[in-house]
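*Asks:* Provided herewith is a single structure, encoded as structure tokens, for subsequent inquiry.
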Amino acid sequence: MDNITQKLMQKSESTKKDSLGRAVSLAALSLIVIVVISIFAFVMSRGLSTFFHDGVHVKDFLFGSTWNPSVVNPQTKQPYIGALPMIFGSFLVTFLAAIVATPFAIGTSLFMTEIAQKRGTKIMQPIIELLVGIPSVVYGFIGLTVVVPFIRSVFGGSGFGILSGTIVLFVMVLPTITSMTVDTLKSVPRHYRESALAIGATRWQMIYKVVLRAATPGILTAIVFGMARAFGEALAVQMVIGNAALMPHNLTSPASTLTSILTMGIGNTVMGSLQNDVLWTLAMILLLMSLVFNLVVRAIGRRGEMK
Amino acid sequence: MVNNIELKPASEFITENMPERYIYDLSAGDHEIAISTKDLQVSYGQNLALSEGDLSFERYKITSLIGASGSGKSTFLRSLNRMNDSVATVKGNIMYRGVDINTKAIDVYEMRRHIGMVFQRPNPFAKSIYNNITFALTQRGQYTKQELDEIVETSLKQAALWDQVKDELDKSALALSGGQAQRLVIARALALKPDILLLDEPSSALDPISSAQVEDTLLKLKDQYTIIIVTHNMQQAARISDYTAFFHMGKVIEYDLTRKIFTRPKVALTNDYISGNFG
Amino acid sequence: MNAKRADKIATGVIYAISGIVALILIAMLAFILIRGVPNLSWHFLTSPARAFEAGGGIGIQLFNSFYLLILAMIISFPIALGAAIYLNEYSKKGKFTTVVRTAIEILSSLPSVVVGLFGFLIFVVQFHLGFSILSGAIALTFFNLPLLTRSIETSLAQIPNLQREAGSALGLSRWETVIHIILPAAVPSIVTGVVLSAGRVFGEAAALIYTAGQSAPALNFADWNPFNISSPLNPMRPAETLAVHIWKINSEGIMPDANAVSAGASAVLIIVVLLFNLSARKIGAQLYKKLTSA
Amino acid sequence: MSKSHRGTIIITIVAVSIAAALGTAYATRDKSTSGTSITAVGSTALQPFVEAAGEEYAKINLGTFVNVQGGGTGTGLSQVSQGAVDLGNSDVFAEEKEGINAKRLVDHQVAVVGIAPLLNKDIGLKDLSTAQLQAIFTGKVTNWQQIGGKNKKIVIINRAAGSGTRATFEKWGLLGKQSIEAQEQDSSGMVRSIVATTPGAISYAAFGYIDDTIVAASVNHVSPLNKNVASGMYPIWSYEHVYTKGKPTPTVAKFLNYLTSKEIQSTLVPKLGYISIHDMQVTRELNGNIIKK
């Protein structure tokens with residue numbers, strides 16, 4: 001065997017480096033997975049102890065509408081731990097914000113990809129990125145000083161409530177939905193557009209009948225991602241929603257979300273007590289919801305692929 | 001030394017009792033074999049892309065692989081230095097320097113330094129011209145600045161690019177034109193002093209002038225390198241190669257001296273292809 | 001001419017919508033800046049905060065924000081880079097990858113409050129790190145990892161496969177190819193992604209309230225020994241950041257000029273985030289130019 | 001020399017110099033300060049006071065560092081009973097907090113805080129009886145007209161459940177009754193600005209938050225003034241507590257003494273809107289018994 005053949009049969013330095021690099025990058029990835037799993041396990045164990053350790057019924061928790069964990073209901077001997085108002089509040093602001101934001105997001109993305117590509121990327125792209133960058137504290141601050149007084153003067157009441165929360169969240173999820181929609185629209189092949197225009201469709205017909213149809217799964221994904229963000233937002237919502245653990249009877253009465261009750265209460269309760277455990281159960285619901293949102297995104301993705 | 005073969009309308013050669021396959025046996029004569037394959041089979045998932053790939057390649061010669069799209073010629077070429085490993089299953093033996101390089105025991109990275117490859121689209125790194133050439137070397141060895149300078153100069157000269165870029169070696173390679181970039185890529189491969197150079201349609205993405213430059217380069221390299229080239233362009237195959245293999249539907253149909261294939265093919269299918277009846 | 005009219009109306013509507021979105025941003029920026037900028041002064045930017053008297057500044061908070069950001073980036077960037085490399089260069093499609101991607105997505109849609117509370121109970125309480133910059137940096141890392149990983153992965157995916165083939169054809173291992181060829185080529189867009197995510201980290205408050213703490217003890221800016229408790233570099237000291245400070249003033253502030261401080265701090269926060277955004281574009285474009293030009 | 005080797009060498013040099021720098025820094029660290037740091041966690045209402053006092057304390061006791069964090073009364077009490085921190089700041093008696101074993105904790109009362117009902121200016125009332133407060137917060141009356149104010153709906157704004165201010169207000173202002181579920185805010189500053197801008201709003205906050213944007217109502221004809229709390233006339237007030245686990249160590253005890261010293265109690269305490277414990281002419285026990293000094 002000559003020198004080269006011998007070298008061929010040995011592990012080269014490249015191979016060694018490659019194994020090392022592979023191991024290192026896999027370790028980094030595993031670290032992230034471990035973090036996620038430990039957060040998950042931690043929140044779950046805390047959150048579930050409400051049911052196992054404190055003996056609360058899941059049904060009472062999910063469907064009860066009175067929230068006052070420090071007071072015991074004299075009839076059932078159980079504290080008032082109905083989380084329905086918060087769950088309902090969270091879903092309501094999330095859906096409303098998504099409903100309001102979607103037309104704006106689609107319109108803006110169409111502007112950027114179909115109508116005015118040059119100006120779109122030059123002006124709207126930075127605007128969208130800036131909206132992402134604005135900290136949620138600042139959104140809350142604006143909500144408190146602008147949105148709440150505005151709602152109050154128009155609709156009366158205190159100004160705090162679902163409506164204010166929706167408006168603040170609308171602006172916060174708008175960039176998420178928009179930038180993802182832009183990506184989807186950009187991925188619609190050019191020849192779809194060209195063939196539509198070639199058979200005499202107007203630009204709007206082309207957009208409406210071809211581009212938006214083709215991009216529907218992507219747009220849905222974008223909306224779900226936006227909703228996931230809205231669902232988990234804490235500080236800004238907490239500042240404007242009023243934080244009353246009551247079923248909202250109209251859009252301008254104070255309401256609450258899972259996050260707002262969680263942030264407010266966590267410092268005032270004692271670790272290991274029922275009052276503290278139920279808050280972790282709220283956190284667990286938040287976590288499970290973000291899992292659900294992800295599964296929905298995946299399901300949409302699969303259906304989009306099958307088409 | 002360009003072959004001067006005239007491509008003739010070949011229908012006149014078709015006779016009744018032509019064989020279905022003809023493989024020129026290199027081992028019979030006084031030929032030095034650089035690399036050869038036996039029972040090579042490549043499959044992508046369930047799809048068999050190449051079967052019965054048995055070929056030997058003579059040292060310091062240019063061999064062209066021709067055939068229609070999807071005939072398996074590129075698959076065959078890319079299997080020779082195991083570029084298909086990550087996407088396909090490759091079975092069979094590839095003999096190089098007396099060892100089968102298609103086994104786990106072989107260090108692919110080392111092997112590829114001896115069997116280099118150039119692709120269809122020029123793919124220079126986002127580095128300077130100089131670093132494009134020296135980069136792979138410095139990854140695995142100690143060189144002085146002087147040695148590196150020399151290697152850069154020789155390989156650029158071999159690739160016929162030196163005169164055009166010698167004053168701007170620090171320029172980003174991404175700024176080169178298509179033909180220049182492809183020759184830089186060839187120079188980059190040559191810098192490693194490989195035995196064998198595999199080229200996968202190296203000039204199909206280039207304009208005719210750049211394409212001719214690349215051909216010139218290859219002809220000049222012949223005395224030091226074994227070259228195997230996949231091409232769609234039959235004139236190109238005829239002009240530069242010593243041997244030609246014709247692929248069809250994942251099989252080698254005919255393998256012979258270029259001169260013979262283009263003037264008097266032994267298989268009817270080959271004849272159809274080179275006379276433009278399909279493909 | 002119905003279709004033509006519909007086309008005109010739709011175009012008009014799309015213009016209007018984009019206009020409104022632009023207007024919202026401009027109005028918000030104007031609101032924050034007009035209220036805040038008059039309160040800015042050198043004194044405000046450099047002097048420590050005051051709990052119950054007028055005339056406090058945000059100097060320490062500003063320093064803390066940057067220090068925390070840098071630490072968080074130092075921790076999270078290598079991890080995110082490694083994870084992104086594995087996901088984009090090594091992993092094959094399969095169950096494992098799906099699970100990992102889902103995990104990363106979940107981490108990214110996790111409410112930052114939950115991240116903060118987790119950090120509080122694990123690092124502050126369990127590991128006895130206390131309310132400290134280190135705890136805060138770890139919490140921020142959790143918050144930042146998924147964003148950064150995704151952005152780096154996208155940057156890597158944008159580099160054409162031709163480059164990877166070129167590397168392997170030269171006998172370079174996958175790792176060498178990634179480190180020396182793919183990464184350098186992806187640097188412009190990675191840098192843009194990193195700076196953008198830095199902007200988000202800079203403004204994060206919820207994850208820090210229970211980890212880095214809500215107090216900003218006086219610092220001795222002449223003492224740079226990281227083992228001294230009043231040194232700005234000490235990673236074990238509590239550190240209120242700018243975003244947390246705004247949150248605290250809005251809720252508990254009893255200084256007479258709380259409104260002015262809050263407006264000023266918000267303006268500073270926005271200006272910094274703006275700078276991050278602008279520089280991200282500038283740096284990215286510049287690097288790209290350098291890479292491709294003469 | 002090849003590039004990668006140069007890289008390795010540079011990295012080694014950098015690593016070594018960082019290690020050396022850290023080593024030097026560790027060796028030359030200011031040993032006098034690192035040993036004695038007092039950590040206090042808990043009530044956000046008490047945080048500014050302990051923090052400010054801690055800074056003053058550090059100035060005269062060089063080398064002692066007081067580290068004060070918020071986190072809430074619940075956090076403070078659970079942390080101090082676990083021994084994780086030196087001091088737990090609380091707005092309530094530890095016995096009143098569920099889940100805390102108060103027996104192991106030692107109470108140090110460092111200030112008194114009075115809490116006043118805050119009313120929106122347009123309501124037209126300046127005095128409320130405890131009976132009226134009860135009626136309002138339990139939802140028996142829903143319009144200010146019913147108790148002599150203007151025709152405006154009553155808007156209740158509570159502090160977060162579990163906050164010390166709310167607990168005190170419910171115990172002494174509502175005489176132990178719970179407020180009905182209503183809008184909650186987790187800070188006094190927020191409560192004040194909402195009351196100021198919302199017609200018909202009522203809430204409550206410490207005296208320190210009283211300003212001219214709202215009306216601080218008198219309770220049973222006693223104005224919410226420090227002297228009325230000190231004399232025991234004004235009913236809604238509570239102690240601010242700093243808890244230690246068991247007997248405080250000498251270092252901690254010294255700081256606690258400083259907190260209750262004449263100097264701090266006469267300067268910092270009134271500045272922050274608290275009432276000095278030395279001014280109190282009465283003491284109140286956990287069970288509510290009031291004893292004249």
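Ligands are numbered from 1 in the order shown, residues from 1 within each chain, and chains are lettered A, B, ... in the order they appear in the structure tokens.
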Taking only residues of chain D that have an atom at most 10 Å from an atom of chain A, what is each one's shortest atom pair and its distance in Å to one decimal, using only C-alpha atoms, in chain and number order, as JSON lines?
*Replies:*
```
{"residue": "D:Gly42", "atom": "CA", "partner": "A:Gly267", "partner_atom": "CA", "distance": 8.2}
{"residue": "D:Ser43", "atom": "CA", "partner": "A:Asn268", "partner_atom": "CA", "distance": 8.3}
{"residue": "D:Thr44", "atom": "CA", "partner": "A:Gly267", "partner_atom": "CA", "distance": 9.3}
{"residue": "D:Gly70", "atom": "CA", "partner": "A:Gly267", "partner_atom": "CA", "distance": 8.5}
{"residue": "D:Gly71", "atom": "CA", "partner": "A:Gly267", "partner_atom": "CA", "distance": 5.1}
{"residue": "D:Gly72", "atom": "CA", "partner": "A:Gly267", "partner_atom": "CA", "distance": 4.2}
{"residue": "D:Thr73", "atom": "CA", "partner": "A:Asn268", "partner_atom": "CA", "distance": 5.3}
{"residue": "D:Gly74", "atom": "CA", "partner": "A:Asn268", "partner_atom": "CA", "distance": 4.3}
{"residue": "D:Thr75", "atom": "CA", "partner": "A:Gly267", "partner_atom": "CA", "distance": 5.4}
{"residue": "D:Gly76", "atom": "CA", "partner": "A:Gly267", "partner_atom": "CA", "distance": 8.4}
{"residue": "D:Leu77", "atom": "CA", "partner": "A:Val270", "partner_atom": "CA", "distance": 7.4}
{"residue": "D:Ser78", "atom": "CA", "partner": "A:Val270", "partner_atom": "CA", "distance": 5.8}
{"residue": "D:Gln79", "atom": "CA", "partner": "A:Met271", "partner_atom": "CA", "distance": 8.9}
{"residue": "D:Ser90", "atom": "CA", "partner": "A:Asn268", "partner_atom": "CA", "distance": 9.9}
{"residue": "D:Lys97", "atom": "CA", "partner": "A:Val270", "partner_atom": "CA", "distance": 7.9}
{"residue": "D:Glu98", "atom": "CA", "partner": "A:Ser273", "partner_atom": "CA", "distance": 7.0}
{"residue": "D:Gly99", "atom": "CA", "partner": "A:Ser273", "partner_atom": "CA", "distance": 5.3}
{"residue": "D:Ile100", "atom": "CA", "partner": "A:Val270", "partner_atom": "CA", "distance": 7.2}
{"residue": "D:Lys153", "atom": "CA", "partner": "A:Gly157", "partner_atom": "CA", "distance": 9.0}
{"residue": "D:Val155", "atom": "CA", "partner": "A:Ser158", "partner_atom": "CA", "distance": 7.6}
{"residue": "D:Ile156", "atom": "CA", "partner": "A:Ser158", "partner_atom": "CA", "distance": 9.9}
{"residue": "D:Ile157", "atom": "CA", "partner": "A:Gly242", "partner_atom": "CA", "distance": 8.7}
{"residue": "D:Asn158", "atom": "CA", "partner": "A:Ala244", "partner_atom": "CA", "distance": 8.8}
{"residue": "D:Arg159", "atom": "CA", "partner": "A:Met264", "partner_atom": "CA", "distance": 9.5}
{"residue": "D:Ala160", "atom": "CA", "partner": "A:Met264", "partner_atom": "CA", "distance": 6.4}
{"residue": "D:Ala161", "atom": "CA", "partner": "A:Gly265", "partner_atom": "CA", "distance": 7.0}
{"residue": "D:Gly162", "atom": "CA", "partner": "A:Asn268", "partner_atom": "CA", "distance": 5.2}
{"residue": "D:Ser163", "atom": "CA", "partner": "A:Asn268", "partner_atom": "CA", "distance": 5.9}
{"residue": "D:Gly164", "atom": "CA", "partner": "A:Asn268", "partner_atom": "CA", "distance": 8.4}
{"residue": "D:Gln178", "atom": "CA", "partner": "A:Val71", "partner_atom": "CA", "distance": 9.0}
{"residue": "D:Ile180", "atom": "CA", "partner": "A:Asn68", "partner_atom": "CA", "distance": 9.8}
{"residue": "D:Glu181", "atom": "CA", "partner": "A:Ala244", "partner_atom": "CA", "distance": 6.6}
{"residue": "D:Ala182", "atom": "CA", "partner": "A:Ala244", "partner_atom": "CA", "distance": 4.9}
{"residue": "D:Gln183", "atom": "CA", "partner": "A:Ala244", "partner_atom": "CA", "distance": 3.9}
{"residue": "D:Glu184", "atom": "CA", "partner": "A:Asn243", "partner_atom": "CA", "distance": 4.9}
{"residue": "D:Gln185", "atom": "CA", "partner": "A:Asn243", "partner_atom": "CA", "distance": 6.6}
{"residue": "D:Asp186", "atom": "CA", "partner": "A:Met264", "partner_atom": "CA", "distance": 5.8}
{"residue": "D:Ser187", "atom": "CA", "partner": "A:Met264", "partner_atom": "CA", "distance": 9.2}
{"residue": "D:Met190", "atom": "CA", "partner": "A:Met239", "partner_atom": "CA", "distance": 8.7}
{"residue": "D:Ile194", "atom": "CA", "partner": "A:Ser158", "partner_atom": "CA", "distance": 7.9}
{"residue": "D:Val195", "atom": "CA", "partner": "A:Ser158", "partner_atom": "CA", "distance": 9.1}
{"residue": "D:Thr197", "atom": "CA", "partner": "A:Pro149", "partner_atom": "CA", "distance": 8.0}
{"residue": "D:Thr198", "atom": "CA", "partner": "A:Ser158", "partner_atom": "CA", "distance": 5.4}
{"residue": "D:Pro199", "atom": "CA", "partner": "A:Ser158", "partner_atom": "CA", "distance": 7.5}
{"residue": "D:Gly200", "atom": "CA", "partner": "A:Ser158", "partner_atom": "CA", "distance": 9.0}
{"residue": "D:Ala201", "atom": "CA", "partner": "A:Ser158", "partner_atom": "CA", "distance": 8.2}
```
*Asks:* Using only C-alpha atoms, determine which residues lie at most 9 Å from Tyr225 in chain B, disregarding the query and same-chain residues fewer than 3 positions distant; provide the list as a ChimeraX atom specification.
*Replies:* /B:59-62,193-197,221-222
*Asks:* Please write the residues from the selection above to a file, keeping N, CA and C atoms, as an mmCIF file, in the first residue's frame.
*Replies:*
```cif
data_model
loop_
_atom_site.group_PDB
_atom_site.id
_atom_site.type_symbol
_atom_site.label_atom_id
_atom_site.label_comp_id
_atom_site.auth_asym_id
_atom_site.auth_seq_id
_atom_site.Cartn_x
_atom_site.Cartn_y
_atom_site.Cartn_z
ATOM 1 N N ARG B 59 -5.818 6.483 -17.189
ATOM 2 C CA ARG B 59 -5.091 7.582 -16.581
ATOM 3 C C ARG B 59 -4.648 8.600 -17.635
ATOM 4 N N TYR B 60 -4.672 9.891 -17.241
ATOM 5 C CA TYR B 60 -4.242 10.993 -18.104
ATOM 6 C C TYR B 60 -5.002 11.032 -19.422
ATOM 7 N N LYS B 61 -6.250 10.650 -19.362
ATOM 8 C CA LYS B 61 -7.107 10.792 -20.540
ATOM 9 C C LYS B 61 -8.357 11.541 -20.113
ATOM 10 N N ILE B 62 -9.057 12.068 -21.114
ATOM 11 C CA ILE B 62 -10.344 12.681 -20.838
ATOM 12 C C ILE B 62 -11.427 11.716 -21.283
ATOM 13 N N LYS B 193 -3.940 19.313 -6.010
ATOM 14 C CA LYS B 193 -3.209 18.334 -6.800
ATOM 15 C C LYS B 193 -3.904 16.977 -6.777
ATOM 16 N N PRO B 194 -5.134 16.936 -7.239
ATOM 17 C CA PRO B 194 -5.848 15.666 -7.216
ATOM 18 C C PRO B 194 -5.331 14.757 -8.322
ATOM 19 N N ASP B 195 -5.703 13.478 -8.237
ATOM 20 C CA ASP B 195 -5.401 12.517 -9.291
ATOM 21 C C ASP B 195 -6.404 12.668 -10.405
ATOM 22 N N ILE B 196 -7.625 12.731 -9.961
ATOM 23 C CA ILE B 196 -8.733 12.649 -10.899
ATOM 24 C C ILE B 196 -9.594 13.893 -10.725
ATOM 25 N N LEU B 197 -10.057 14.417 -11.841
ATOM 26 C CA LEU B 197 -10.921 15.582 -11.781
ATOM 27 C C LEU B 197 -12.249 15.195 -12.412
ATOM 28 N N LEU B 221 -4.809 20.381 -19.225
ATOM 29 C CA LEU B 221 -4.610 19.670 -17.964
ATOM 30 C C LEU B 221 -4.373 18.184 -18.154
ATOM 31 N N LYS B 222 -4.634 17.729 -19.371
ATOM 32 C CA LYS B 222 -4.682 16.290 -19.613
ATOM 33 C C LYS B 222 -3.408 15.546 -19.250
#
```
*Asks:* As a PDB file with all heavy atoms, in the first residue's frame, could you give me every residue of chain A near chain B (at most 7 Å apart, counting only C-alpha atoms)?
*Replies:*
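Result written to selection-v1.pdb:
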```
ATOM      1  N   THR A   5      -2.961   5.489  -0.212  1.00  0.00           N
ATOM      2  CA  THR A   5      -3.931   4.467   0.154  1.00  0.00           C
ATOM      3  C   THR A   5      -4.027   4.348   1.659  1.00  0.00           C
ATOM      4  O   THR A   5      -5.104   4.194   2.215  1.00  0.00           O
ATOM      5  CB  THR A   5      -3.518   3.098  -0.409  1.00  0.00           C
ATOM      6  OG1 THR A   5      -2.588   3.307  -1.455  1.00  0.00           O
ATOM      7  CG2 THR A   5      -4.707   2.353  -0.913  1.00  0.00           C
ATOM      8  N   LEU A   8      -6.012   7.011   3.025  1.00  0.00           N
ATOM      9  CA  LEU A   8      -7.436   6.824   2.748  1.00  0.00           C
ATOM     10  C   LEU A   8      -8.104   5.980   3.817  1.00  0.00           C
ATOM     11  O   LEU A   8      -9.274   6.150   4.115  1.00  0.00           O
ATOM     12  CB  LEU A   8      -7.613   6.127   1.388  1.00  0.00           C
ATOM     13  CG  LEU A   8      -7.480   6.990   0.148  1.00  0.00           C
ATOM     14  CD1 LEU A   8      -7.603   6.143  -1.105  1.00  0.00           C
ATOM     15  CD2 LEU A   8      -8.499   8.101   0.136  1.00  0.00           C
ATOM     16  N   MET A   9      -7.318   5.044   4.370  1.00  0.00           N
ATOM     17  CA  MET A   9      -7.911   4.111   5.306  1.00  0.00           C
ATOM     18  C   MET A   9      -7.926   4.664   6.730  1.00  0.00           C
ATOM     19  O   MET A   9      -8.501   4.069   7.625  1.00  0.00           O
ATOM     20  CB  MET A   9      -7.126   2.784   5.307  1.00  0.00           C
ATOM     21  CG  MET A   9      -6.882   2.200   3.945  1.00  0.00           C
ATOM     22  SD  MET A   9      -8.373   1.595   3.185  1.00  0.00           S
ATOM     23  CE  MET A   9      -8.587   0.072   4.089  1.00  0.00           C
ATOM     24  N   GLN A  10      -7.244   5.809   6.939  1.00  0.00           N
ATOM     25  CA  GLN A  10      -7.215   6.362   8.297  1.00  0.00           C
ATOM     26  C   GLN A  10      -8.281   7.426   8.449  1.00  0.00           C
ATOM     27  O   GLN A  10      -8.730   8.008   7.482  1.00  0.00           O
ATOM     28  CB  GLN A  10      -5.858   7.032   8.555  1.00  0.00           C
ATOM     29  CG  GLN A  10      -4.750   6.054   8.826  1.00  0.00           C
ATOM     30  CD  GLN A  10      -3.409   6.740   8.755  1.00  0.00           C
ATOM     31  OE1 GLN A  10      -3.341   7.932   8.444  1.00  0.00           O
ATOM     32  NE2 GLN A  10      -2.360   6.001   9.015  1.00  0.00           N
ATOM     33  N   LYS A  11      -8.616   7.695   9.698  1.00  0.00           N
ATOM     34  CA  LYS A  11      -9.526   8.809   9.941  1.00  0.00           C
ATOM     35  C   LYS A  11      -8.758  10.100   9.733  1.00  0.00           C
ATOM     36  O   LYS A  11      -7.739  10.340  10.385  1.00  0.00           O
ATOM     37  CB  LYS A  11     -10.040   8.757  11.375  1.00  0.00           C
ATOM     38  CG  LYS A  11     -11.385   8.075  11.466  1.00  0.00           C
ATOM     39  CD  LYS A  11     -12.064   8.420  12.764  1.00  0.00           C
ATOM     40  CE  LYS A  11     -13.419   7.771  12.793  1.00  0.00           C
ATOM     41  NZ  LYS A  11     -14.023   7.826  14.101  1.00  0.00           N
ATOM     42  N   SER A  12      -9.218  10.960   8.857  1.00  0.00           N
ATOM     43  CA  SER A  12      -8.516  12.216   8.629  1.00  0.00           C
ATOM     44  C   SER A  12      -8.916  13.219   9.696  1.00  0.00           C
ATOM     45  O   SER A  12      -9.866  13.027  10.436  1.00  0.00           O
ATOM     46  CB  SER A  12      -8.869  12.770   7.260  1.00  0.00           C
ATOM     47  OG  SER A  12     -10.207  13.182   7.251  1.00  0.00           O
ATOM     48  N   SER A  14     -10.183  16.018   9.170  1.00  0.00           N
ATOM     49  CA  SER A  14     -11.503  16.549   8.836  1.00  0.00           C
ATOM     50  C   SER A  14     -12.597  15.724   9.481  1.00  0.00           C
ATOM     51  O   SER A  14     -13.555  16.249  10.032  1.00  0.00           O
ATOM     52  CB  SER A  14     -11.705  16.549   7.322  1.00  0.00           C
ATOM     53  OG  SER A  14     -10.888  17.518   6.734  1.00  0.00           O
TER      54      SER A  14
END
```
*Asks:* Restricting the calculation to only C-alpha atoms, which member of C:Ala218, C:Ala185, C:Ile209, C:Ala54 is positioned closest to Pro256 in chain C?
*Replies:*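 Of all the options, C:Ala54 lies closest to Pro256 in chain C.
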*Asks:* Using DSSP assignments from the backbone, pull out every residue in range 17-193 of chain D that falls under helix (DSSP H, G or I) and give it to me as a ChimeraX atom specification.
*Replies:* /D:17-27,31-34,47-60,73-81,94-96,102-104,121-123,130-137,144-147,164-173,188-193
*Asks:* Chain C residues within 10 Å of chain D, counting only C-alpha atoms: which ones, as a PyMOL selection string?
*Replies:* chain C and resi 50-53+124-126+128+130-131+209-218+223-230+237-240+248-255+258
*Asks:* How many Å separate CA of Leu233 in chain C from CA of Ala263 in chain C?
*Replies:*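 Computing the Euclidean distance for CA of Leu233 in chain C and CA of Ala263 in chain C yields 27.8 Å.
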*Asks:* Would you please work out which residue, of A:Ser19, A:Ser195, A:Thr257, A:Thr108, is nearest to chain C when using only C-alpha atoms?
*Replies:*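 Smallest distance to chain C is found for A:Thr108.
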*Asks:* Considering only C-alpha atoms, can you say which of A:Ala215, A:Val146, A:Leu282, A:Ala27 comes closest to Val188 in chain A?
*Replies:*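 Answer, going by the shortest atom-to-atom distance: A:Ala215.
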*Asks:* Output as a PyMOL selection string the set of chain C residues within 8 Å of chain B, with distances taken over only C-alpha atoms.
*Replies:* chain C and resi 162-163+165-166+168-173+181+184-185+291-294
*Asks:* Can I get the selection written as a compact mmCIF listing (two decimals), in the first residue's frame, with N, CA, C and O atoms?
*Replies:*
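Result file is again-v2.txt:
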```txt
# COMPACT_ATOMS: atom_id res chain seq x y z
N LEU C 162 -24.98 24.86 -3.48
CA LEU C 162 -23.77 24.85 -4.30
C LEU C 162 -22.53 25.04 -3.45
O LEU C 162 -21.50 24.42 -3.67
N GLN C 163 -22.65 25.91 -2.43
CA GLN C 163 -21.50 26.20 -1.58
C GLN C 163 -21.12 24.97 -0.77
O GLN C 163 -19.96 24.70 -0.55
N GLU C 165 -21.72 21.83 -1.62
CA GLU C 165 -21.12 20.88 -2.55
C GLU C 165 -19.67 21.25 -2.82
O GLU C 165 -18.80 20.39 -2.87
N ALA C 166 -19.45 22.54 -3.03
CA ALA C 166 -18.09 22.99 -3.33
C ALA C 166 -17.15 22.59 -2.22
O ALA C 166 -16.05 22.09 -2.46
N SER C 168 -17.55 20.11 0.03
CA SER C 168 -17.30 18.67 0.12
C SER C 168 -16.43 18.19 -1.01
O SER C 168 -15.61 17.30 -0.83
N ALA C 169 -16.58 18.79 -2.19
CA ALA C 169 -15.79 18.34 -3.33
C ALA C 169 -14.30 18.60 -3.11
O ALA C 169 -13.45 17.98 -3.72
N LEU C 170 -14.01 19.56 -2.21
CA LEU C 170 -12.60 19.84 -1.93
C LEU C 170 -12.08 19.01 -0.78
O LEU C 170 -10.99 19.23 -0.27
N GLY C 171 -12.89 18.06 -0.34
CA GLY C 171 -12.44 17.20 0.75
C GLY C 171 -12.60 17.84 2.11
O GLY C 171 -11.98 17.41 3.07
N LEU C 172 -13.43 18.89 2.17
CA LEU C 172 -13.67 19.49 3.48
C LEU C 172 -14.83 18.75 4.12
O LEU C 172 -15.78 18.38 3.45
N SER C 173 -14.73 18.57 5.42
CA SER C 173 -15.83 17.91 6.10
C SER C 173 -16.99 18.89 6.19
O SER C 173 -16.85 20.08 5.96
N ILE C 181 -17.11 28.26 5.34
CA ILE C 181 -17.70 28.72 4.09
C ILE C 181 -19.12 29.22 4.27
O ILE C 181 -19.45 30.34 3.92
N PRO C 184 -19.35 32.28 7.14
CA PRO C 184 -18.91 33.60 6.67
C PRO C 184 -19.87 34.19 5.63
O PRO C 184 -20.17 35.38 5.66
N ALA C 185 -20.39 33.31 4.75
CA ALA C 185 -21.29 33.84 3.73
C ALA C 185 -22.61 34.28 4.35
O ALA C 185 -23.30 35.15 3.82
N LEU C 291 -18.52 41.63 1.26
CA LEU C 291 -18.34 40.25 0.87
C LEU C 291 -18.34 40.08 -0.64
O LEU C 291 -17.64 39.24 -1.19
N THR C 292 -19.15 40.88 -1.32
CA THR C 292 -19.34 40.64 -2.75
C THR C 292 -18.56 41.60 -3.61
O THR C 292 -18.43 41.38 -4.81
N SER C 293 -18.05 42.68 -3.03
CA SER C 293 -17.46 43.71 -3.89
C SER C 293 -15.96 43.53 -4.02
O SER C 293 -15.38 42.58 -3.53
N ALA C 294 -15.39 44.49 -4.68
CA ALA C 294 -13.97 44.44 -4.99
C ALA C 294 -13.12 44.40 -3.73
O ALA C 294 -13.44 45.00 -2.76
```
*Asks:* From the list A:Trp204, A:Ile127, A:Met86, A:His249, which residue is nearest Ile26 in chain C when using only C-alpha atoms?
*Replies:*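 Answer, going by the shortest atom-to-atom distance: A:Ile127.
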*Asks:* Should the cut-off be 9 Å, what would the residue list for chain B against chain D look like, counting only C-alpha atoms, as a list of chain:residue names?
*Replies:*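 Contact residues on the first chain: B:Thr138, B:Gln139, B:Gly141, B:Gln142, B:Tyr143, B:Thr144, B:Lys145.
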*Asks:* Could you tell me which of C:Lys95, C:Lys8, C:Lys282, C:Arg150 comes closest to chain A if we count only C-alpha atoms?
*Replies:* C:Lys8
*Asks:* Pick the closest to chain C from A:Gly200, A:Gly107, A:Gly89, A:Gly64: which is it, counting only C-alpha atoms?
*Replies:*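 Closest to chain C of all the choices is A:Gly107.
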